[in-house]
>>> print(open('work-v6.json').read())   # JSON, C-alpha atoms
[["chain", "number", "residue", "atom", "x", "y", "z"],
["A", 1, "MET", "CA", -23.12, -14.27, 16.66],
["A", 2, "ALA", "CA", -24.78, -11.05, 15.73],
["A", 3, "GLN", "CA", -26.52, -12.25, 12.64],
["A", 4, "HIS", "CA", -30.07, -11.19, 13.38],
["A", 5, "ASN", "CA", -30.42, -9.26, 10.16],
["A", 6, "ALA", "CA", -29.84, -12.31, 8.07],
["A", 7, "ILE", "CA", -31.30, -14.97, 10.32],
["A", 8, "GLY", "CA", -34.95, -14.82, 11.10],
["A", 9, "HIS", "CA", -36.40, -13.18, 8.05],
["A", 10, "GLY", "CA", -36.87, -16.51, 6.41],
["A", 11, "ASP", "CA", -34.45, -15.64, 3.65],
["A", 12, "HIS", "CA", -32.43, -18.80, 3.47],
["A", 13, "ALA", "CA", -30.74, -17.84, 0.23],
["A", 14, "GLU", "CA", -29.10, -14.91, 1.95],
["A", 15, "ARG", "CA", -28.03, -16.92, 4.94],
["A", 16, "HIS", "CA", -25.88, -19.69, 3.58],
["A", 17, "GLY", "CA", -25.61, -19.01, -0.09],
["A", 18, "SER", "CA", -27.82, -19.81, -3.02],
["A", 19, "LEU", "CA", -27.44, -22.44, -5.71],
["A", 20, "ARG", "CA", -26.39, -19.66, -8.08],
["A", 21, "GLU", "CA", -23.58, -18.65, -5.73],
["A", 22, "TYR", "CA", -22.29, -22.23, -5.47],
["A", 23, "VAL", "CA", -22.45, -22.78, -9.23],
["A", 24, "ILE", "CA", -20.55, -19.54, -9.93],
["A", 25, "GLY", "CA", -17.96, -20.47, -7.31],
["A", 26, "PHE", "CA", -17.57, -23.95, -8.78],
["A", 27, "ALA", "CA", -17.21, -22.60, -12.34],
["A", 28, "LEU", "CA", -14.63, -20.04, -11.20],
["A", 29, "SER", "CA", -12.58, -22.68, -9.39],
["A", 30, "ILE", "CA", -12.57, -24.93, -12.46],
["A", 31, "ILE", "CA", -11.39, -22.07, -14.68],
["A", 32, "LEU", "CA", -8.76, -21.08, -12.11],
["A", 33, "THR", "CA", -7.53, -24.70, -12.01],
["A", 34, "ILE", "CA", -7.44, -25.33, -15.76],
["A", 35, "PHE", "CA", -5.66, -22.08, -16.60],
["A", 36, "PRO", "CA", -2.48, -22.71, -14.53],
["A", 37, "ILE", "CA", -2.39, -26.36, -15.66],
["A", 38, "LEU", "CA", -2.42, -25.29, -19.32],
["A", 39, "ALA", "CA", 0.08, -22.52, -18.64],
["A", 40, "VAL", "CA", 2.54, -25.01, -17.09],
["A", 41, "MET", "CA", 1.98, -27.85, -19.57],
["A", 42, "ASN", "CA", 2.22, -25.70, -22.71],
["A", 43, "HIS", "CA", 4.97, -23.41, -21.39],
["A", 44, "TRP", "CA", 2.95, -20.29, -22.19],
["A", 45, "PHE", "CA", 5.07, -18.01, -20.03],
["A", 46, "GLY", "CA", 8.66, -17.65, -18.87],
["A", 47, "ASN", "CA", 9.87, -19.00, -15.54],
["A", 48, "THR", "CA", 9.13, -15.94, -13.41],
["A", 49, "ALA", "CA", 5.84, -15.18, -15.17],
["A", 50, "THR", "CA", 4.67, -18.79, -14.63],
["A", 51, "PHE", "CA", 5.53, -18.51, -10.95],
["A", 52, "LEU", "CA", 3.47, -15.32, -10.69],
["A", 53, "VAL", "CA", 0.54, -16.83, -12.62],
["A", 54, "LEU", "CA", 0.52, -19.85, -10.27],
["A", 55, "LEU", "CA", 0.70, -17.62, -7.21],
["A", 56, "ILE", "CA", -2.15, -15.39, -8.38],
["A", 57, "THR", "CA", -4.49, -18.18, -9.52],
["A", 58, "ALA", "CA", -3.95, -20.04, -6.22],
["A", 59, "ALA", "CA", -4.72, -16.90, -4.22],
["A", 60, "LEU", "CA", -7.84, -16.22, -6.32],
["A", 61, "GLN", "CA", -9.03, -19.81, -5.83],
["A", 62, "PHE", "CA", -8.57, -19.45, -2.09],
["A", 63, "ALA", "CA", -10.67, -16.29, -2.24],
["A", 64, "VAL", "CA", -13.36, -18.11, -4.24],
["A", 65, "GLN", "CA", -13.55, -20.84, -1.57],
["A", 66, "LEU", "CA", -13.80, -18.23, 1.18],
["A", 67, "LEU", "CA", -16.36, -15.98, -0.50],
["A", 68, "PHE", "CA", -18.56, -18.37, -2.47],
["A", 69, "PHE", "CA", -18.36, -21.56, -0.38],
["A", 70, "MET", "CA", -17.46, -20.49, 3.15],
["A", 71, "HIS", "CA", -19.68, -17.37, 3.01],
["A", 72, "LEU", "CA", -17.20, -15.00, 4.60],
["A", 73, "ARG", "CA", -19.03, -12.07, 2.98],
["A", 74, "GLU", "CA", -22.22, -12.74, 4.91],
["A", 75, "GLU", "CA", -20.65, -12.29, 8.30],
["A", 76, "GLU", "CA", -22.23, -9.52, 10.36],
["A", 77, "ARG", "CA", -20.25, -7.05, 12.42],
["A", 78, "PRO", "CA", -18.17, -7.44, 14.51],
["A", 79, "ARG", "CA", -16.29, -9.54, 11.98],
["A", 80, "TYR", "CA", -14.44, -11.93, 14.28],
["A", 81, "LYS", "CA", -14.11, -14.59, 11.57],
["A", 82, "LEU", "CA", -12.40, -12.15, 9.23],
["A", 83, "MET", "CA", -10.12, -10.88, 12.00],
["A", 84, "THR", "CA", -8.99, -14.37, 13.06],
["A", 85, "LEU", "CA", -8.47, -15.25, 9.40],
["A", 86, "ILE", "CA", -6.25, -12.20, 8.84],
["A", 87, "LEU", "CA", -4.22, -13.00, 11.96],
["A", 88, "GLY", "CA", -3.86, -16.61, 10.78],
["A", 89, "LEU", "CA", -2.76, -15.60, 7.29],
["A", 90, "LEU", "CA", -0.23, -13.18, 8.75],
["A", 91, "ILE", "CA", 1.32, -16.02, 10.78],
["A", 92, "VAL", "CA", 1.22, -18.29, 7.70],
["A", 93, "ALA", "CA", 3.01, -15.65, 5.60],
["A", 94, "VAL", "CA", 5.69, -15.07, 8.24],
["A", 95, "VAL", "CA", 6.30, -18.82, 8.72],
["A", 96, "VAL", "CA", 6.45, -19.67, 5.01],
["A", 97, "TYR", "CA", 8.22, -16.63, 3.60],
["A", 98, "GLY", "CA", 10.41, -16.24, 6.69],
["A", 99, "SER", "CA", 11.61, -19.86, 6.49],
["A", 100, "ILE", "CA", 12.46, -19.59, 2.81],
["A", 101, "TRP", "CA", 14.18, -16.25, 3.26],
["A", 102, "ILE", "CA", 16.31, -17.27, 6.24],
["A", 103, "MET", "CA", 17.31, -20.63, 4.77],
["A", 104, "GLU", "CA", 18.43, -18.98, 1.52],
["A", 105, "HIS", "CA", 21.04, -17.21, 3.61],
["A", 106, "ASN", "CA", 21.99, -20.20, 5.73],
["A", 107, "MET", "CA", 22.52, -22.95, 3.26],
["A", 108, "TYR", "CA", 25.34, -21.63, 1.16],
["B", 1, "MET", "CA", -20.59, -11.70, 20.27],
["B", 2, "ALA", "CA", -23.22, -14.02, 21.71],
["B", 3, "HIS", "CA", -25.94, -11.51, 22.44],
["B", 4, "ALA", "CA", -28.34, -12.47, 25.13],
["B", 5, "HIS", "CA", -31.60, -12.22, 23.23],
["B", 6, "HIS", "CA", -32.36, -12.90, 19.65],
["B", 7, "PRO", "CA", -36.06, -13.36, 19.27],
["B", 8, "SER", "CA", -35.49, -14.30, 15.66],
["B", 9, "PHE", "CA", -33.51, -17.38, 16.63],
["B", 10, "ALA", "CA", -36.47, -18.79, 18.48],
["B", 11, "HIS", "CA", -38.30, -20.42, 15.60],
["B", 12, "GLU", "CA", -35.11, -21.97, 14.34],
["B", 13, "GLY", "CA", -33.42, -23.54, 17.30],
["B", 14, "GLY", "CA", -36.31, -24.25, 19.59],
["B", 15, "HIS", "CA", -34.86, -22.20, 22.43],
["B", 16, "GLU", "CA", -32.58, -19.26, 21.88],
["B", 17, "GLY", "CA", -29.75, -19.89, 24.34],
["B", 18, "HIS", "CA", -29.11, -23.22, 22.71],
["B", 19, "HIS", "CA", -28.95, -21.70, 19.25],
["B", 20, "ASP", "CA", -26.52, -19.00, 20.33],
["B", 21, "LEU", "CA", -24.32, -21.72, 21.77],
["B", 22, "GLU", "CA", -24.37, -23.52, 18.42],
["B", 23, "GLU", "CA", -23.28, -20.28, 16.70],
["B", 24, "LEU", "CA", -20.46, -19.92, 19.21],
["B", 25, "ARG", "CA", -19.39, -23.52, 18.55],
["B", 26, "LYS", "CA", -19.25, -22.81, 14.82],
["B", 27, "PHE", "CA", -16.96, -19.88, 15.54],
["B", 28, "GLY", "CA", -14.82, -22.13, 17.74],
["B", 29, "PHE", "CA", -14.45, -24.50, 14.83],
["B", 30, "TRP", "CA", -13.45, -21.59, 12.61],
["B", 31, "ILE", "CA", -10.60, -20.81, 15.03],
["B", 32, "PHE", "CA", -9.52, -24.47, 14.86],
["B", 33, "LEU", "CA", -9.36, -24.18, 11.07],
["B", 34, "ILE", "CA", -7.13, -21.12, 11.38],
["B", 35, "THR", "CA", -4.74, -23.05, 13.64],
["B", 36, "ASP", "CA", -4.81, -25.92, 11.15],
["B", 37, "CYS", "CA", -3.75, -23.38, 8.49],
["B", 38, "ILE", "CA", -0.70, -22.64, 10.64],
["B", 39, "LEU", "CA", 0.08, -26.37, 10.93],
["B", 40, "PHE", "CA", 0.01, -26.65, 7.14],
["B", 41, "ALA", "CA", 2.09, -23.48, 6.83],
["B", 42, "THR", "CA", 4.93, -25.12, 8.78],
["B", 43, "LEU", "CA", 4.75, -28.21, 6.55],
["B", 44, "PHE", "CA", 4.69, -26.06, 3.39],
["B", 45, "ALA", "CA", 7.67, -24.06, 4.67],
["B", 46, "THR", "CA", 9.59, -27.28, 5.37],
["B", 47, "TYR", "CA", 8.82, -28.70, 1.93],
["B", 48, "LEU", "CA", 9.67, -25.49, 0.08],
["B", 49, "VAL", "CA", 12.99, -25.14, 1.91],
["B", 50, "LEU", "CA", 13.97, -28.77, 1.30],
["B", 51, "ARG", "CA", 12.62, -29.41, -2.18],
["B", 52, "GLU", "CA", 15.97, -29.05, -3.95],
["B", 53, "HIS", "CA", 17.65, -31.41, -1.46],
["B", 54, "THR", "CA", 17.20, -34.69, -3.28],
["B", 55, "ALA", "CA", 20.34, -36.43, -1.94],
["B", 56, "GLY", "CA", 21.36, -37.31, -5.47],
["B", 57, "GLY", "CA", 18.01, -38.99, -6.10],
["B", 58, "PRO", "CA", 15.22, -37.91, -8.42],
["B", 59, "GLY", "CA", 13.56, -34.51, -8.05],
["B", 60, "ALA", "CA", 9.96, -33.39, -8.43],
["B", 61, "LYS", "CA", 10.15, -33.28, -12.23],
["B", 62, "GLU", "CA", 11.23, -36.91, -12.52],
["B", 63, "ILE", "CA", 8.73, -38.57, -10.19],
["B", 64, "PHE", "CA", 5.44, -36.62, -10.32],
["B", 65, "GLU", "CA", 2.84, -37.98, -12.70],
["B", 66, "MET", "CA", 0.54, -35.09, -13.46],
["B", 67, "PRO", "CA", -2.48, -36.78, -15.12],
["B", 68, "GLY", "CA", -3.44, -38.61, -11.92],
["B", 69, "VAL", "CA", -2.86, -35.54, -9.77],
["B", 70, "ILE", "CA", -5.01, -33.38, -12.08],
["B", 71, "VAL", "CA", -7.87, -35.90, -11.83],
["B", 72, "GLU", "CA", -7.48, -35.89, -8.00],
["B", 73, "THR", "CA", -7.70, -32.10, -8.04],
["B", 74, "PHE", "CA", -10.95, -32.06, -9.99],
["B", 75, "ILE", "CA", -12.43, -34.79, -7.80],
["B", 76, "LEU", "CA", -11.73, -32.80, -4.64],
["B", 77, "LEU", "CA", -12.97, -29.58, -6.26],
["B", 78, "THR", "CA", -16.24, -31.28, -7.18],
["B", 79, "SER", "CA", -16.61, -32.74, -3.68],
["B", 80, "SER", "CA", -16.23, -29.24, -2.23],
["B", 81, "PHE", "CA", -19.13, -28.18, -4.47],
["B", 82, "THR", "CA", -21.30, -31.16, -3.49],
["B", 83, "SER", "CA", -20.69, -30.50, 0.21],
["B", 84, "GLY", "CA", -22.03, -26.99, -0.49],
["B", 85, "LEU", "CA", -25.09, -28.54, -2.15],
["B", 86, "ALA", "CA", -25.59, -30.59, 1.03],
["B", 87, "VAL", "CA", -25.81, -27.34, 3.03],
["B", 88, "LEU", "CA", -28.32, -25.97, 0.48],
["B", 89, "ALA", "CA", -30.44, -29.10, 0.91],
["B", 90, "LEU", "CA", -30.23, -28.62, 4.68],
["B", 91, "ASN", "CA", -31.45, -25.02, 4.32],
["B", 92, "ALA", "CA", -34.32, -26.24, 2.18],
["B", 93, "GLY", "CA", -35.17, -28.71, 4.95],
["B", 94, "SER", "CA", -34.67, -31.72, 2.71],
["B", 95, "ARG", "CA", -33.16, -34.59, 4.70],
["B", 96, "LYS", "CA", -33.09, -36.83, 1.66],
["B", 97, "GLY", "CA", -31.18, -34.27, -0.41],
["B", 98, "LEU", "CA", -28.83, -33.59, 2.48],
["B", 99, "LEU", "CA", -28.01, -37.27, 2.98],
["B", 100, "GLY", "CA", -27.64, -37.79, -0.77],
["B", 101, "TRP", "CA", -25.15, -34.96, -1.25],
["B", 102, "LEU", "CA", -23.20, -35.96, 1.88],
["B", 103, "ILE", "CA", -22.86, -39.49, 0.49],
["B", 104, "VAL", "CA", -21.71, -38.13, -2.89],
["B", 105, "THR", "CA", -19.17, -35.97, -1.04],
["B", 106, "ILE", "CA", -17.64, -38.86, 0.91],
["B", 107, "LEU", "CA", -17.58, -41.09, -2.18],
["B", 108, "LEU", "CA", -15.63, -38.40, -4.06],
["B", 109, "GLY", "CA", -13.38, -38.03, -1.02],
["B", 110, "ALA", "CA", -12.80, -41.80, -0.99],
["B", 111, "CYS", "CA", -11.87, -41.72, -4.72],
["B", 112, "PHE", "CA", -9.40, -38.94, -3.97],
["B", 113, "ILE", "CA", -7.80, -40.94, -1.13],
["B", 114, "ALA", "CA", -7.70, -44.12, -3.24],
["B", 115, "MET", "CA", -5.85, -42.28, -6.01],
["B", 116, "GLU", "CA", -3.45, -40.68, -3.54],
["B", 117, "VAL", "CA", -2.66, -44.00, -1.85],
["B", 118, "THR", "CA", -2.07, -45.56, -5.28],
["B", 119, "GLU", "CA", 0.31, -42.70, -6.13],
["B", 120, "PHE", "CA", 2.19, -43.14, -2.84],
["B", 121, "LEU", "CA", 2.42, -46.93, -3.24],
["B", 122, "LYS", "CA", 3.76, -46.53, -6.76],
["B", 123, "LEU", "CA", 6.44, -44.09, -5.56],
["B", 124, "VAL", "CA", 7.43, -46.45, -2.74],
["B", 125, "SER", "CA", 7.55, -49.46, -5.07],
["B", 126, "GLU", "CA", 9.93, -47.49, -7.29],
["B", 127, "GLY", "CA", 12.17, -46.95, -4.27],
["B", 128, "HIS", "CA", 11.19, -43.32, -3.57],
["B", 129, "THR", "CA", 10.30, -43.55, 0.12],
["B", 130, "ILE", "CA", 10.05, -41.02, 2.92],
["B", 131, "HIS", "CA", 13.64, -42.01, 3.88],
["B", 132, "SER", "CA", 15.14, -41.37, 0.44],
["B", 133, "SER", "CA", 15.81, -37.65, 0.69],
["B", 134, "ALA", "CA", 14.88, -34.46, 2.51],
["B", 135, "PHE", "CA", 12.74, -33.55, -0.51],
["B", 136, "LEU", "CA", 10.72, -36.79, -0.25],
["B", 137, "SER", "CA", 10.42, -36.51, 3.56],
["B", 138, "GLY", "CA", 8.92, -33.06, 3.12],
["B", 139, "PHE", "CA", 6.70, -34.25, 0.28],
["B", 140, "PHE", "CA", 5.25, -37.30, 2.04],
["B", 141, "THR", "CA", 4.72, -35.40, 5.29],
["B", 142, "LEU", "CA", 2.91, -32.48, 3.65],
["B", 143, "VAL", "CA", 0.77, -34.44, 1.18],
["B", 144, "GLY", "CA", 0.24, -37.27, 3.69],
["B", 145, "THR", "CA", -1.00, -34.86, 6.37],
["B", 146, "HIS", "CA", -3.52, -33.46, 3.91],
["B", 147, "GLY", "CA", -4.59, -37.01, 2.97],
["B", 148, "LEU", "CA", -4.99, -37.84, 6.66],
["B", 149, "HIS", "CA", -7.24, -34.80, 7.08],
["B", 150, "VAL", "CA", -9.40, -35.94, 4.16],
["B", 151, "SER", "CA", -9.59, -39.49, 5.56],
["B", 152, "LEU", "CA", -10.64, -38.10, 8.93],
["B", 153, "GLY", "CA", -13.25, -35.96, 7.18],
["B", 154, "ILE", "CA", -14.68, -39.07, 5.50],
["B", 155, "CYS", "CA", -15.02, -40.85, 8.87],
["B", 156, "TRP", "CA", -16.55, -37.74, 10.40],
["B", 157, "ILE", "CA", -19.16, -37.23, 7.67],
["B", 158, "THR", "CA", -20.00, -40.95, 7.80],
["B", 159, "ALA", "CA", -20.67, -40.61, 11.54],
["B", 160, "LEU", "CA", -22.77, -37.52, 10.81],
["B", 161, "ILE", "CA", -24.82, -39.42, 8.22],
["B", 162, "ILE", "CA", -25.56, -42.11, 10.82],
["B", 163, "GLN", "CA", -26.56, -39.41, 13.31],
["B", 164, "LEU", "CA", -28.81, -37.71, 10.73],
["B", 165, "THR", "CA", -30.62, -40.95, 9.91],
["B", 166, "ARG", "CA", -31.21, -41.54, 13.63],
["B", 167, "HIS", "CA", -32.09, -38.05, 14.89],
["B", 168, "GLY", "CA", -32.97, -36.08, 11.77],
["B", 169, "ILE", "CA", -32.28, -32.38, 11.38],
["B", 170, "THR", "CA", -31.90, -30.85, 14.84],
["B", 171, "PRO", "CA", -29.99, -27.69, 15.89],
["B", 172, "VAL", "CA", -27.06, -29.94, 16.82],
["B", 173, "THR", "CA", -26.91, -31.96, 13.59],
["B", 174, "GLN", "CA", -27.52, -28.72, 11.68],
["B", 175, "ARG", "CA", -24.42, -27.17, 13.26],
["B", 176, "LYS", "CA", -22.45, -30.34, 12.55],
["B", 177, "VAL", "CA", -23.39, -30.24, 8.87],
["B", 178, "HIS", "CA", -22.21, -26.63, 8.73],
["B", 179, "ILE", "CA", -18.85, -27.27, 10.35],
["B", 180, "THR", "CA", -18.10, -30.46, 8.39],
["B", 181, "SER", "CA", -18.88, -28.49, 5.25],
["B", 182, "LEU", "CA", -16.52, -25.71, 6.38],
["B", 183, "TYR", "CA", -13.87, -28.37, 7.10],
["B", 184, "TRP", "CA", -14.31, -29.88, 3.65],
["B", 185, "HIS", "CA", -14.03, -26.50, 1.86],
["B", 186, "PHE", "CA", -10.92, -25.82, 3.94],
["B", 187, "LEU", "CA", -9.34, -29.11, 2.82],
["B", 188, "ASP", "CA", -10.03, -28.20, -0.78],
["B", 189, "ALA", "CA", -8.39, -24.80, -0.21],
["B", 190, "VAL", "CA", -5.30, -26.50, 1.27],
["B", 191, "TRP", "CA", -5.19, -28.90, -1.69],
["B", 192, "ILE", "CA", -5.17, -25.94, -4.11],
["B", 193, "PHE", "CA", -1.90, -24.85, -2.51],
["B", 194, "VAL", "CA", -0.50, -28.40, -2.48],
["B", 195, "PHE", "CA", -1.37, -28.75, -6.15],
["B", 196, "THR", "CA", 0.10, -25.35, -7.02],
["B", 197, "PHE", "CA", 3.26, -25.26, -4.91],
["B", 198, "VAL", "CA", 4.17, -28.96, -4.86],
["B", 199, "TYR", "CA", 2.98, -30.34, -8.17],
["B", 200, "LEU", "CA", 2.66, -27.50, -10.68],
["B", 201, "MET", "CA", 5.77, -25.66, -9.44],
["B", 202, "GLY", "CA", 7.58, -28.98, -9.22],
["B", 203, "VAL", "CA", 7.08, -29.93, -12.87],
["B", 204, "ARG", "CA", 7.28, -26.40, -14.28]]
>>> encode(input="work-v6.json", output="structure tokens")
Amino acid sequence: MAQHNAIGHGDHAERHGSLREYVIGFALSIILTIFPILAVMNHWFGNTATFLVLLITAALQFAVQLLFFMHLREEERPRYKLMTLILGLLIVAVVVYGSIWIMEHNMY
Amino acid sequence: MAHAHHPSFAHEGGHEGHHDLEELRKFGFWIFLITDCILFATLFATYLVLREHTAGGPGAKEIFEMPGVIVETFILLTSSFTSGLAVLALNAGSRKGLLGWLIVTILLGACFIAMEVTEFLKLVSEGHTIHSSAFLSGFFTLVGTHGLHVSLGICWITALIIQLTRHGITPVTQRKVHITSLYWHFLDAVWIFVFTFVYLMGVR
């Protein structure tokens, strides 16, 4: 992969993350896990608002894993990893949302 | 993407062609992870469509016990972090640190699996089996497939630890540490969605 800018200059911290990056990622994931748990357990929000909070915190946690742990940001151009990820997520969205949508209309 | 000559790779991999191949293999593994995402998407879709279909039996609210599941979530989250620390130890060239963090990671993974198996056994002993309803079929298939992935990851990292003690840090074992770590982060990401869409939305 075309990573010669990052690899080879001896800068390991830039290559696969630094301790700081992992600690920030870990702290963020803990916060993003505790918040929805408290929101559900203590009934902070209404039904729809809780659904949205859960959806958003899950998406943010996924982003934290990708950016802080899987180092998606460090990829050099051409960004094949990002492109395959976007294609994958598109298929995931179509399969999941499409199934729910079509079955809503079929079951009643 | 695999450019012919990268002088900068030379001091890392020994010989360049080999190192480029390792990079290509890492990308191949990334594509596998994307296809695994699609596998989980179909299982999520099935579960979400069927979750109200309890065949007169109990629903998510009645049978899920959140305290255990919350502990499982934090265990897996921590193991994702420790597998990252293993990669940091690898970058620092510390074989001892690398082995240590890999062992911590699989121990946390084993705790996660033990808790999940206990949860499943308890459900089955209460008569809530995979045959009970469409909801439970979807539930056991989705959560069980994730558990199977974690179990496989534990076996894989164990094999890698054996390889590392025998051969040390080579371009090949280095690549393997990177892809197992990617795999482990991926499993944590999938669990976030299991926890959110199955458990939290189930008891809400």
>>> residues_around(input="work-v6.json", residues="A:Leu54", least_positions_apart="4", cutoff="12 Å", atoms="all atoms listed in the file", output="PyMOL selection string")
(chain A and resi 32-40+45+47-50+58-61) or (chain B and resi 192-202+204)
>>> write_last_selection(input="work-v6.json", atoms="C-alpha atoms", output="short mmCIF file (atom, residue, chain, number, x, y, z; two decimals), in the coordinates of the input")
data_model
loop_
_atom_site.label_atom_id
_atom_site.label_comp_id
_atom_site.auth_asym_id
_atom_site.auth_seq_id
_atom_site.Cartn_x
_atom_site.Cartn_y
_atom_site.Cartn_z
CA LEU A 32 -8.76 -21.08 -12.11
CA THR A 33 -7.53 -24.70 -12.01
CA ILE A 34 -7.44 -25.33 -15.76
CA PHE A 35 -5.66 -22.08 -16.60
CA PRO A 36 -2.48 -22.71 -14.53
CA ILE A 37 -2.39 -26.36 -15.66
CA LEU A 38 -2.42 -25.29 -19.32
CA ALA A 39 0.08 -22.52 -18.64
CA VAL A 40 2.54 -25.01 -17.09
CA PHE A 45 5.07 -18.01 -20.03
CA ASN A 47 9.87 -19.00 -15.54
CA THR A 48 9.13 -15.94 -13.41
CA ALA A 49 5.84 -15.18 -15.17
CA THR A 50 4.67 -18.79 -14.63
CA ALA A 58 -3.95 -20.04 -6.22
CA ALA A 59 -4.72 -16.90 -4.22
CA LEU A 60 -7.84 -16.22 -6.32
CA GLN A 61 -9.03 -19.81 -5.83
CA ILE B 192 -5.17 -25.94 -4.11
CA PHE B 193 -1.90 -24.85 -2.51
CA VAL B 194 -0.50 -28.40 -2.48
CA PHE B 195 -1.37 -28.75 -6.15
CA THR B 196 0.10 -25.35 -7.02
CA PHE B 197 3.26 -25.26 -4.91
CA VAL B 198 4.17 -28.96 -4.86
CA TYR B 199 2.98 -30.34 -8.17
CA LEU B 200 2.66 -27.50 -10.68
CA MET B 201 5.77 -25.66 -9.44
CA GLY B 202 7.58 -28.98 -9.22
CA ARG B 204 7.28 -26.40 -14.28
#
>>> axis_aligned_box(input="work-v6.json", around="stretch 56-71 of chain A", padding_each_side="5 Å", output="lines of an AutoDock Vina configuration file")
center_x = -10.9
center_y = -18.5
center_z = -3.2
size_x = 27.5
size_y = 16.2
size_z = 22.7
>>> atom_distance(input="work-v6.json", atom1="atom CA of B:Leu148", atom2="atom CA of A:Leu72")
26.0 Å
>>> closest_atom_pairs(input="work-v6.json", of="chain B", to="chain A", cutoff="9 Å", atoms="all atoms listed in the file", output="tab-separated table")
residue	atom	partner	partner_atom	distance
B:Met1	CA	A:Met1	CA	5.1
B:Ala2	CA	A:Met1	CA	5.1
B:His3	CA	A:Ala2	CA	6.8
B:His6	CA	A:His4	CA	6.9
B:Pro7	CA	A:Gly8	CA	8.4
B:Ser8	CA	A:Gly8	CA	4.6
B:Phe9	CA	A:Gly8	CA	6.3
B:Ala10	CA	A:Gly8	CA	8.5
B:His11	CA	A:Gly8	CA	7.9
B:Glu12	CA	A:Gly8	CA	7.9
B:Asp20	CA	A:Met1	CA	6.9
B:Glu23	CA	A:Met1	CA	6.0
B:Leu24	CA	A:Met1	CA	6.7
B:Phe27	CA	A:Lys81	CA	7.2
B:Trp30	CA	A:Lys81	CA	7.1
B:Ile31	CA	A:Thr84	CA	6.9
B:Ile34	CA	A:Gly88	CA	5.6
B:Thr35	CA	A:Gly88	CA	7.1
B:Cys37	CA	A:Gly88	CA	7.1
B:Ile38	CA	A:Val92	CA	5.6
B:Leu39	CA	A:Val92	CA	8.8
B:Phe40	CA	A:Val92	CA	8.5
B:Ala41	CA	A:Val92	CA	5.3
B:Thr42	CA	A:Val95	CA	6.4
B:Leu43	CA	A:Val96	CA	8.8
B:Phe44	CA	A:Val96	CA	6.8
B:Ala45	CA	A:Val96	CA	4.6
B:Thr46	CA	A:Ser99	CA	7.8
B:Leu48	CA	A:Ile100	CA	7.1
B:Val49	CA	A:Ile100	CA	5.6
B:Ile70	CA	A:Ile37	CA	8.3
B:Thr73	CA	A:Thr33	CA	8.4
B:Phe74	CA	A:Ile30	CA	7.7
B:Leu77	CA	A:Ser29	CA	7.6
B:Thr78	CA	A:Phe26	CA	7.6
B:Ser80	CA	A:Phe69	CA	8.2
B:Phe81	CA	A:Phe26	CA	6.2
B:Gly84	CA	A:Phe69	CA	6.6
B:Leu85	CA	A:Leu19	CA	7.4
B:Val87	CA	A:His16	CA	7.7
B:Leu88	CA	A:Ser18	CA	7.1
B:Asn91	CA	A:His12	CA	6.4
B:Ala92	CA	A:His12	CA	7.8
B:Ser181	CA	A:Met70	CA	8.4
B:Leu182	CA	A:Met70	CA	6.2
B:His185	CA	A:Gln65	CA	6.6
B:Phe186	CA	A:Gln65	CA	7.9
B:Asp188	CA	A:Gln65	CA	8.2
B:Ala189	CA	A:Phe62	CA	5.7
B:Val190	CA	A:Phe62	CA	8.5
B:Ile192	CA	A:Ala58	CA	6.4
B:Phe193	CA	A:Ala58	CA	6.4
B:Thr196	CA	A:Leu54	CA	6.4
B:Phe197	CA	A:Leu54	CA	8.1
B:Leu200	CA	A:Val40	CA	6.9
B:Met201	CA	A:Phe51	CA	7.3
B:Val203	CA	A:Val40	CA	7.9
B:Arg204	CA	A:Val40	CA	5.7
>>> atom_distance(input="work-v6.json", atom1="atom CA of B:Val71", atom2="atom CA of A:Ile31")
14.6 Å
